[in-house]
Number of protein chains: 4
Amino acid sequence: MPPPDEKYSAVHYSDYLNLDKLLTAQNLRSVAFGDPAHDEHLFIIVHQVYELWFKQIVHELRSVMKMFELDNVDERSIGTTVARMERVVDIQKLLIEQIRVMESLTPLDFLDFRNYLFPASGFQSLQFRMIEVLLGLKNPYRITYNSIHYSQVFGQQEKELLNELENGQSMLQLVERWLERIPFIQTGRYPFLEKYSEAVTHMIQKEKTAILDTNILTDAEKEQRLKMLGDTDTYFQSVLDPVKHEEMIADGRLKLSYKASIAALFINLYRDEPILHTPFTMLSRLMDIDEYLTLWRYRHAQMVLRMLGRKIGTGGSSGYDYLQATAAKHHIFIDLHNISTLLIPRSELPVLPPDLKRELGFYFSAHNA
Amino acid sequence: MPPPDEKYSAVHYSDYLNLDKLLTAQNLRSVAFGDPAHDEHLFIIVHQVYELWFKQIVHELRSVMKMFELDNVDERSIGTTVARMERVVDIQKLLIEQIRVMESLTPLDFLDFRNYLFPASGFQSLQFRMIEVLLGLKNPYRITYNSIHYSQVFGQQEKELLNELENGQSMLQLVERWLERIPFIQTGRYPFLEKYSEAVTHMIQKEKTAILDTNILTDAEKEQRLKMLGDTDTYFQSVLDPVKHEEMIADGRLKLSYKASIAALFINLYRDEPILHTPFTMLSRLMDIDEYLTLWRYRHAQMVLRMLGRKIGTGGSSGYDYLQATAAKHHIFIDLHNISTLLIPRSELPVLPPDLKRELGFYFSAHNA
Amino acid sequence: MPPPDEKYSAVHYSDYLNLDKLLTAQNLRSVAFGDPAHDEHLFIIVHQVYELWFKQIVHELRSVMKMFELDNVDERSIGTTVARMERVVDIQKLLIEQIRVMESLTPLDFLDFRNYLFPASGFQSLQFRMIEVLLGLKNPYRITYNSIHYSQVFGQQEKELLNELENGQSMLQLVERWLERIPFIQTGRYPFLEKYSEAVTHMIQKEKTAILDTNILTDAEKEQRLKMLGDTDTYFQSVLDPVKHEEMIADGRLKLSYKASIAALFINLYRDEPILHTPFTMLSRLMDIDEYLTLWRYRHAQMVLRMLGRKIGTGGSSGYDYLQATAAKHHIFIDLHNISTLLIPRSELPVLPPDLKRELGFYFSAHNA
Amino acid sequence: MPPPDEKYSAVHYSDYLNLDKLLTAQNLRSVAFGDPAHDEHLFIIVHQVYELWFKQIVHELRSVMKMFELDNVDERSIGTTVARMERVVDIQKLLIEQIRVMESLTPLDFLDFRNYLFPASGFQSLQFRMIEVLLGLKNPYRITYNSIHYSQVFGQQEKELLNELENGQSMLQLVERWLERIPFIQTGRYPFLEKYSEAVTHMIQKEKTAILDTNILTDAEKEQRLKMLGDTDTYFQSVLDPVKHEEMIADGRLKLSYKASIAALFINLYRDEPILHTPFTMLSRLMDIDEYLTLWRYRHAQMVLRMLGRKIGTGGSSGYDYLQATAAKHHIFIDLHNISTLLIPRSELPVLPPDLKRELGFYFSAHNA
């Protein structure tokens, strides 16, 4: 560590940013082989920009995860995590926008240097894999490309790093643990699940009566409506059943524990209470990150389709087909999306007991008095 | 028609835009039923904005199609069509951005008025169906939602309109016909297909020799490379075979005729010739429209997932699953994307005979002399 | 109000959205005068979409202002206001993106129908003026276009509406009042301003000593650094002086009262305290709205420049010059931006007394015990 | 140059992109001084990404300028230049979007490491200055910041490079020369300027008669209309006067020569002729680049306002004021924007003689026959 007054040493923009390293890191293979292709420059820059942003995302994720690793998550830090997750989302939007620039490289121009790149591929981006694993896309959840394990393209050191991350706690797991510990729910004082269950039953019953009583629906229409209602009823019952929940986790259809899922439901339903507002925003940002990650996969698939087409008739799945499959299936926080199916209108929401409600609020006026 | 000097009659902004009609067209059902929900206003505005943009897209598509309906497409109009297609793409980008605003409606807030909307649904947007059919997504190419024909939700008049469009020429068909008539190709003077085929064979042969001769690859690597090359060879042969092409059309895997496909290939390969530059841009814009249409479907699917979740365990496919399937399969100009697989590097491109090359150019300098 | 079971009456998408009204509201003047111009359709649609979004913005602003009108703003509603303001920002982003579509109308194409529009103009958008006035851009703060009062282009009824808004409380005023009432600050218990002032003095003194003591700066550099520091000192003193503050309000350089400004400073400095997190986000969204409003003005100016140029040499200011001036000067929440100049590093921040700190937090763990 | 078969040497993604250099180039000063600030990482990454994109823009500009340096610009290359300029515009859009990410760094968080950066500043970005100068923003056109020459912050080598660029041909100058040589205009065969001038006079006269003859305008309205018309007349006359044009160049109000301006006017008026379509697109892209460059300046100014505020009352212009002034005044291709004021409706456009028209077209049908 330098002596304190060193901080007054002047620094020039280009030294601060290491521009000598940064701006000499573009070595075109087409130039090296004496066959310069103008657009290879773009190809390199685009990928380097991606890697810089990936580094930033890793930096943000690690810092957020560190805050969640504590046994008692400091409530002051939830606001900070929300801000950092929002930043990740803003970066993801840029990554997606950037595909537009990549698409300015036409298939014909790509052929001018494509030969020189073999077998380099985006599959070899360590940082992208790190982001996936940090978030929670661990190996068992992955679909594979032509049966190859994703870490096979890396060297020993990278493999070990990925392995370590696979064995560590992911964001998904940390958030699960945090949700499981959220107080207020299922305490002796307030049996949330019971109250919620009653409210669902009451809502469905009321709806049923109204349908049967109305005279503006035909019998056929009534039947259709009642059938839909029945499905909804069955659905709620199955989702609230801890045994079925375990089965769906075993199946790979769900990821979050029963307890964490119920806490997430509680936060969604009572998010208007001041104390739950920031946690609700946190869950929303996790859904955003998931949404933009799959959107990026989809746009990436589209770009590959445009650049390489879809070889009809050849064996093996095309890069396009693989990427599109990941866009459909590599959801990480799908459980949070599924909570939407469990929401009930505010008008049906069980009223919280006054003391719980007070604890969930905070009041400027109280301090004013 | 008013007398000419009427054009000097003053017009006020609000009359010109019919704001009295426009700004009184938001009738909230939740308000009508005495149970006002703040966010229903957003829900209506978002959909109305969609419908206004859809009207604009239909306006542009129809005008472009009209230009292509002529037996001799006026070359002056290709520039205009490119500009109008670019406008459609810009509008599509807005439609996609707009989903972000829609997502500010949370699932819980949606429940405040969702009940009042039954059974209104985006499936009932006539203009959206018109856009699909005008572009070329005719009924046989569609996947269905729970086995229901897409036009079943419309009234008699709308059904007839859609039927008429289904029976008329789509953009896809008009472009196919235009491509089929493009001169220069396969004239007696210049056997493009033959020359191209030779170039492909030569390119693959050269590559093969190089792989066999090098000593920096191991035998296993050589084998892998040669296998890839063999696949490529087989692929080119199959795609250039008119009989196989017919089979793939019958299968639904291809849409454009053999002749139109070859013309599109020619345009892509020789797009640097001045006369082909605008047609190449035209084909690129069609690909853009297709790309953004499927992107819109994907984003729409994501929004539905967020709003309604994915009812695990209930029968029937969810809205999310259906929408995501359309994002994967409702490609209209997939044939144009597939042309990428047929491109060869400029260095391998057969040189055009001088007289053809002259015809494909235009020269300021000639007029200067 | 209809009987309750009426809510089960089926509604069709097109009726719900009033599409018969909406999609027949595009009356091209060029068509009416027998001289159809293709692009007038776009011109109308773009402006109609603007007006629909403006209506939505007014809807959101009014609802937020209503919450702030209460003498005791319900803390539960701050979360809701943040969400609605974020929605306004998302809409503003769309309005700005939309200019790209408008720019696809080229100046030459505009000439095909421009003559028919006289004297309709965006200056005549009532809703846009409402948004400006609701936010707080009241008449005295406006620059005028060729000396004309902005409401002169409207009819009697519209003028009265604008007048009423001018006389009512704006968002700026409501937020000011809300800030003025925020507790914790300047109570007998904790003299915030005094503590803050001491911290500033201490920070500047420490910096001064460090500069004088270091030996890595030349005398000239030291002098330059000390001068900058002196400026900063003077600046802080002047800003914290209530008399000077009053003068700057009289000048029109500031808008928020001294008391409200201090509260906003407090919120910015201690935003990490859980209870202040949402108020801090609220202030940030107000700054966003201001930022995107001026950005829209700037983009609008650019579009006008592109469409009409800048008539060099003619008298009177051009539309472009006027619009660009509004982009520079029609800031509404500039005071909030200026707070940045008063921030001091967290390391210099006065530590809050424990009891105040406890009141500003909320603790899950406490409830857990 | 390596032997040809070396191209088959395998290359790994991370080596190809020099990730070892790239991802070790983030050295946080706050860390070096033992006082780590989380957000400094973002600050560095954002600026590094800017510099990578700047390098790409320089790469594109230089390649385009090289094509324009030839005495006879190859018409085949105009298509390529358009594509590369479009890419530059797409990159500019990203640069602007990226400011949103930068804004996620709050003023308070910036204070955690701001002290360590002195006096590094964006003013020291060599590549940004290169872009400005390459495009045509040479020193005489600049406004200065506190009277300092922009190159003063650089070392000797950088100063020389900038000096060389200042003395070389800029894009503006190359385009001017290219426009000056465009054939068809002012040849003996077709006196464009004369015909255009007649058309303007005829258009204004016709308009005048119509106003005088109508009976739906009041006398006051007629007078207002005639005054506007008179202004337009005067304006056209002045702009078409070569002597006045010279004066305005001397004033700094115009940049392009009279001859180049007339050619640009011709291209804009007759852009529907096939041969002029690509040149018209080229000019439009230059306007886009200018527009997005000033938009970037404006957004940058907004960001600075947010981060640092606007020190009211201190001497010297603030960074915000300076940046906003550059957004208003550092236009490079303003002359192209001003051409909009000279356009006349297509219906008034002088008809081109048939032989000229034929030369401006190209006809597939001709080859078909």
# chains A, B, ... in the order shown; residues from 1 in each chain; ligands from 1
>>> closest_atom_pairs(of="chain C", to="chain B", cutoff="7 Å", atoms="only C-alpha atoms", output="JSON lines")
{"residue": "C:Met1", "atom": "CA", "partner": "B:Phe33", "partner_atom": "CA", "distance": 6.0}
{"residue": "C:Pro2", "atom": "CA", "partner": "B:Phe33", "partner_atom": "CA", "distance": 6.3}
{"residue": "C:Lys7", "atom": "CA", "partner": "B:Tyr116", "partner_atom": "CA", "distance": 5.7}
{"residue": "C:Ala10", "atom": "CA", "partner": "B:Phe118", "partner_atom": "CA", "distance": 5.8}
{"residue": "C:Val11", "atom": "CA", "partner": "B:Ala120", "partner_atom": "CA", "distance": 5.7}
{"residue": "C:His12", "atom": "CA", "partner": "B:Ala120", "partner_atom": "CA", "distance": 4.8}
{"residue": "C:Tyr13", "atom": "CA", "partner": "B:Ala120", "partner_atom": "CA", "distance": 4.6}
{"residue": "C:Leu17", "atom": "CA", "partner": "B:Gln48", "partner_atom": "CA", "distance": 6.4}
{"residue": "C:Asn18", "atom": "CA", "partner": "B:Ala25", "partner_atom": "CA", "distance": 5.7}
{"residue": "C:Lys21", "atom": "CA", "partner": "B:Lys21", "partner_atom": "CA", "distance": 6.3}
{"residue": "C:Leu22", "atom": "CA", "partner": "B:Leu22", "partner_atom": "CA", "distance": 5.8}
{"residue": "C:Ala25", "atom": "CA", "partner": "B:Asn18", "partner_atom": "CA", "distance": 5.7}
{"residue": "C:Ala32", "atom": "CA", "partner": "B:Met1", "partner_atom": "CA", "distance": 6.3}
{"residue": "C:Phe33", "atom": "CA", "partner": "B:Met1", "partner_atom": "CA", "distance": 6.0}
{"residue": "C:Gly34", "atom": "CA", "partner": "B:Met1", "partner_atom": "CA", "distance": 6.4}
{"residue": "C:Leu42", "atom": "CA", "partner": "B:Gln56", "partner_atom": "CA", "distance": 6.5}
{"residue": "C:Ile44", "atom": "CA", "partner": "B:Leu17", "partner_atom": "CA", "distance": 6.5}
{"residue": "C:Ile45", "atom": "CA", "partner": "B:Leu52", "partner_atom": "CA", "distance": 6.4}
{"residue": "C:Gln48", "atom": "CA", "partner": "B:Leu17", "partner_atom": "CA", "distance": 6.4}
{"residue": "C:Val49", "atom": "CA", "partner": "B:Val49", "partner_atom": "CA", "distance": 5.8}
{"residue": "C:Leu52", "atom": "CA", "partner": "B:Ile45", "partner_atom": "CA", "distance": 6.4}
{"residue": "C:Gln56", "atom": "CA", "partner": "B:Leu42", "partner_atom": "CA", "distance": 6.5}
{"residue": "C:Arg87", "atom": "CA", "partner": "B:Ser104", "partner_atom": "CA", "distance": 6.2}
{"residue": "C:Asp90", "atom": "CA", "partner": "B:Val101", "partner_atom": "CA", "distance": 5.9}
{"residue": "C:Ile91", "atom": "CA", "partner": "B:Val101", "partner_atom": "CA", "distance": 6.5}
{"residue": "C:Leu94", "atom": "CA", "partner": "B:Gln98", "partner_atom": "CA", "distance": 6.9}
{"residue": "C:Gln98", "atom": "CA", "partner": "B:Leu94", "partner_atom": "CA", "distance": 6.9}
{"residue": "C:Val101", "atom": "CA", "partner": "B:Asp90", "partner_atom": "CA", "distance": 5.9}
{"residue": "C:Ser104", "atom": "CA", "partner": "B:Arg87", "partner_atom": "CA", "distance": 6.2}
{"residue": "C:Tyr116", "atom": "CA", "partner": "B:Lys7", "partner_atom": "CA", "distance": 5.7}
{"residue": "C:Leu117", "atom": "CA", "partner": "B:Val11", "partner_atom": "CA", "distance": 6.5}
{"residue": "C:Phe118", "atom": "CA", "partner": "B:Ala10", "partner_atom": "CA", "distance": 5.8}
{"residue": "C:Pro119", "atom": "CA", "partner": "B:Ala10", "partner_atom": "CA", "distance": 5.9}
{"residue": "C:Ala120", "atom": "CA", "partner": "B:Tyr13", "partner_atom": "CA", "distance": 4.6}
{"residue": "C:Ser121", "atom": "CA", "partner": "B:Tyr13", "partner_atom": "CA", "distance": 5.9}
{"residue": "C:Gln124", "atom": "CA", "partner": "B:Tyr13", "partner_atom": "CA", "distance": 5.8}
{"residue": "C:Ser125", "atom": "CA", "partner": "B:Tyr13", "partner_atom": "CA", "distance": 7.0}
>>> residues_around(residues="C:Asp109", least_positions_apart="5", cutoff="9 Å", atoms="only C-alpha atoms", output="list in words")
Ala37, His38, Asp39, Glu40 and Arg114 of chain C; Pro345 and Arg346 of chain D
>>> write_last_selection(atoms="N, CA, C and O atoms", output="JSON list (two decimals), in the first residue's frame")
[["chain", "number", "residue", "atom", "x", "y", "z"],
["C", 37, "ALA", "N", -51.29, 11.32, -50.18],
["C", 37, "ALA", "CA", -49.86, 11.20, -49.88],
["C", 37, "ALA", "C", -49.70, 10.02, -48.93],
["C", 37, "ALA", "O", -50.21, 10.04, -47.80],
["C", 38, "HIS", "N", -48.98, 9.01, -49.39],
["C", 38, "HIS", "CA", -48.82, 7.77, -48.62],
["C", 38, "HIS", "C", -48.41, 8.02, -47.18],
["C", 38, "HIS", "O", -48.93, 7.41, -46.25],
["C", 39, "ASP", "N", -47.44, 8.91, -46.98],
["C", 39, "ASP", "CA", -46.85, 9.06, -45.65],
["C", 39, "ASP", "C", -47.67, 9.87, -44.66],
["C", 39, "ASP", "O", -47.32, 9.93, -43.48],
["C", 40, "GLU", "N", -48.75, 10.50, -45.13],
["C", 40, "GLU", "CA", -49.57, 11.22, -44.16],
["C", 40, "GLU", "C", -50.15, 10.24, -43.14],
["C", 40, "GLU", "O", -50.39, 10.60, -41.98],
["C", 114, "ARG", "N", -47.59, 18.60, -46.43],
["C", 114, "ARG", "CA", -47.36, 19.61, -45.40],
["C", 114, "ARG", "C", -48.29, 20.81, -45.53],
["C", 114, "ARG", "O", -48.77, 21.36, -44.54],
["D", 345, "PRO", "N", -41.88, 20.27, -53.38],
["D", 345, "PRO", "CA", -42.67, 19.06, -53.55],
["D", 345, "PRO", "C", -42.40, 18.38, -54.90],
["D", 345, "PRO", "O", -42.10, 19.06, -55.89],
["D", 346, "ARG", "N", -42.51, 17.06, -54.90],
["D", 346, "ARG", "CA", -42.28, 16.30, -56.13],
["D", 346, "ARG", "C", -43.14, 16.84, -57.29],
["D", 346, "ARG", "O", -42.71, 16.82, -58.44]]
>>> select_by_dssp(residues="stretch 45-163 of chain B", states="helix (DSSP H, G or I)", output="PyMOL selection string")
chain B and resi 45-69+75-102+107-110+114-117+122-124+126-135+139-141+150-153+156-163
>>> atom_distance(atom1="atom CA of D:Val133", atom2="atom CA of D:Lys244")
27.1 Å
>>> atom_distance(atom1="atom CA of A:Leu356", atom2="atom CA of A:Ile275")
11.2 Å
>>> closest_atom_pairs(of="stretch 187-238 of chain C", to="stretch 325-344 of chain C", cutoff="10 Å", atoms="only C-alpha atoms", output="JSON lines")
{"residue": "C:Tyr196", "atom": "CA", "partner": "C:Ile344", "partner_atom": "CA", "distance": 9.1}
{"residue": "C:Ala199", "atom": "CA", "partner": "C:Ile344", "partner_atom": "CA", "distance": 8.4}
{"residue": "C:Val200", "atom": "CA", "partner": "C:Ile344", "partner_atom": "CA", "distance": 7.3}
{"residue": "C:Met203", "atom": "CA", "partner": "C:Ile344", "partner_atom": "CA", "distance": 8.4}
{"residue": "C:Thr232", "atom": "CA", "partner": "C:Thr341", "partner_atom": "CA", "distance": 9.2}
{"residue": "C:Tyr235", "atom": "CA", "partner": "C:Thr341", "partner_atom": "CA", "distance": 9.0}
{"residue": "C:Phe236", "atom": "CA", "partner": "C:Leu342", "partner_atom": "CA", "distance": 6.9}
>>> write_last_selection(atoms="C-alpha atoms", output="PDB file, in the first residue's frame")
ATOM      1  CA  TYR C 196     -23.332  18.216   8.385  1.00  0.00           C
ATOM      2  CA  ALA C 199     -18.384  17.468   8.588  1.00  0.00           C
ATOM      3  CA  VAL C 200     -17.929  19.642   5.521  1.00  0.00           C
ATOM      4  CA  MET C 203     -13.385  17.333   5.298  1.00  0.00           C
ATOM      5  CA  THR C 232     -15.709  24.323  -2.831  1.00  0.00           C
ATOM      6  CA  TYR C 235     -19.822  27.107  -2.439  1.00  0.00           C
ATOM      7  CA  PHE C 236     -20.932  24.975   0.508  1.00  0.00           C
TER       8      PHE C 236
END
>>> atom_distance(atom1="atom CA of D:Glu180", atom2="atom CA of D:Ser257")
8.2 Å
>>> residues_around(residues="D:Tyr258", least_positions_apart="5", cutoff="8 Å", atoms="only C-alpha atoms", output="VMD selection string")
chain D and resid 242 245 to 246
>>> write_last_selection(atoms="all heavy atoms", output="PDB file, in the first residue's frame")
ATOM      1  N   PRO D 242     -24.361  32.439 -55.169  1.00  0.00           N
ATOM      2  CA  PRO D 242     -23.011  31.953 -54.834  1.00  0.00           C
ATOM      3  C   PRO D 242     -22.217  32.951 -53.988  1.00  0.00           C
ATOM      4  O   PRO D 242     -21.410  32.553 -53.147  1.00  0.00           O
ATOM      5  CB  PRO D 242     -22.330  31.745 -56.182  1.00  0.00           C
ATOM      6  CG  PRO D 242     -23.378  31.903 -57.225  1.00  0.00           C
ATOM      7  CD  PRO D 242     -24.572  32.561 -56.617  1.00  0.00           C
ATOM      8  N   HIS D 245     -23.341  32.661 -50.488  1.00  0.00           N
ATOM      9  CA  HIS D 245     -22.850  31.377 -49.983  1.00  0.00           C
ATOM     10  C   HIS D 245     -21.413  31.533 -49.462  1.00  0.00           C
ATOM     11  O   HIS D 245     -21.093  31.070 -48.366  1.00  0.00           O
ATOM     12  CB  HIS D 245     -22.908  30.319 -51.094  1.00  0.00           C
ATOM     13  CG  HIS D 245     -22.715  28.922 -50.584  1.00  0.00           C
ATOM     14  ND1 HIS D 245     -23.764  28.086 -50.320  1.00  0.00           N
ATOM     15  CD2 HIS D 245     -21.598  28.234 -50.275  1.00  0.00           C
ATOM     16  CE1 HIS D 245     -23.290  26.930 -49.859  1.00  0.00           C
ATOM     17  NE2 HIS D 245     -21.972  26.998 -49.833  1.00  0.00           N
ATOM     18  N   GLU D 246     -20.584  32.202 -50.266  1.00  0.00           N
ATOM     19  CA  GLU D 246     -19.194  32.429 -49.837  1.00  0.00           C
ATOM     20  C   GLU D 246     -19.144  33.184 -48.516  1.00  0.00           C
ATOM     21  O   GLU D 246     -18.347  32.866 -47.630  1.00  0.00           O
ATOM     22  CB  GLU D 246     -18.413  33.226 -50.905  1.00  0.00           C
ATOM     23  CG  GLU D 246     -17.927  32.401 -52.071  1.00  0.00           C
ATOM     24  CD  GLU D 246     -17.167  31.156 -51.639  1.00  0.00           C
ATOM     25  OE1 GLU D 246     -16.276  31.268 -50.766  1.00  0.00           O
ATOM     26  OE2 GLU D 246     -17.472  30.056 -52.131  1.00  0.00           O
TER      27      GLU D 246
END
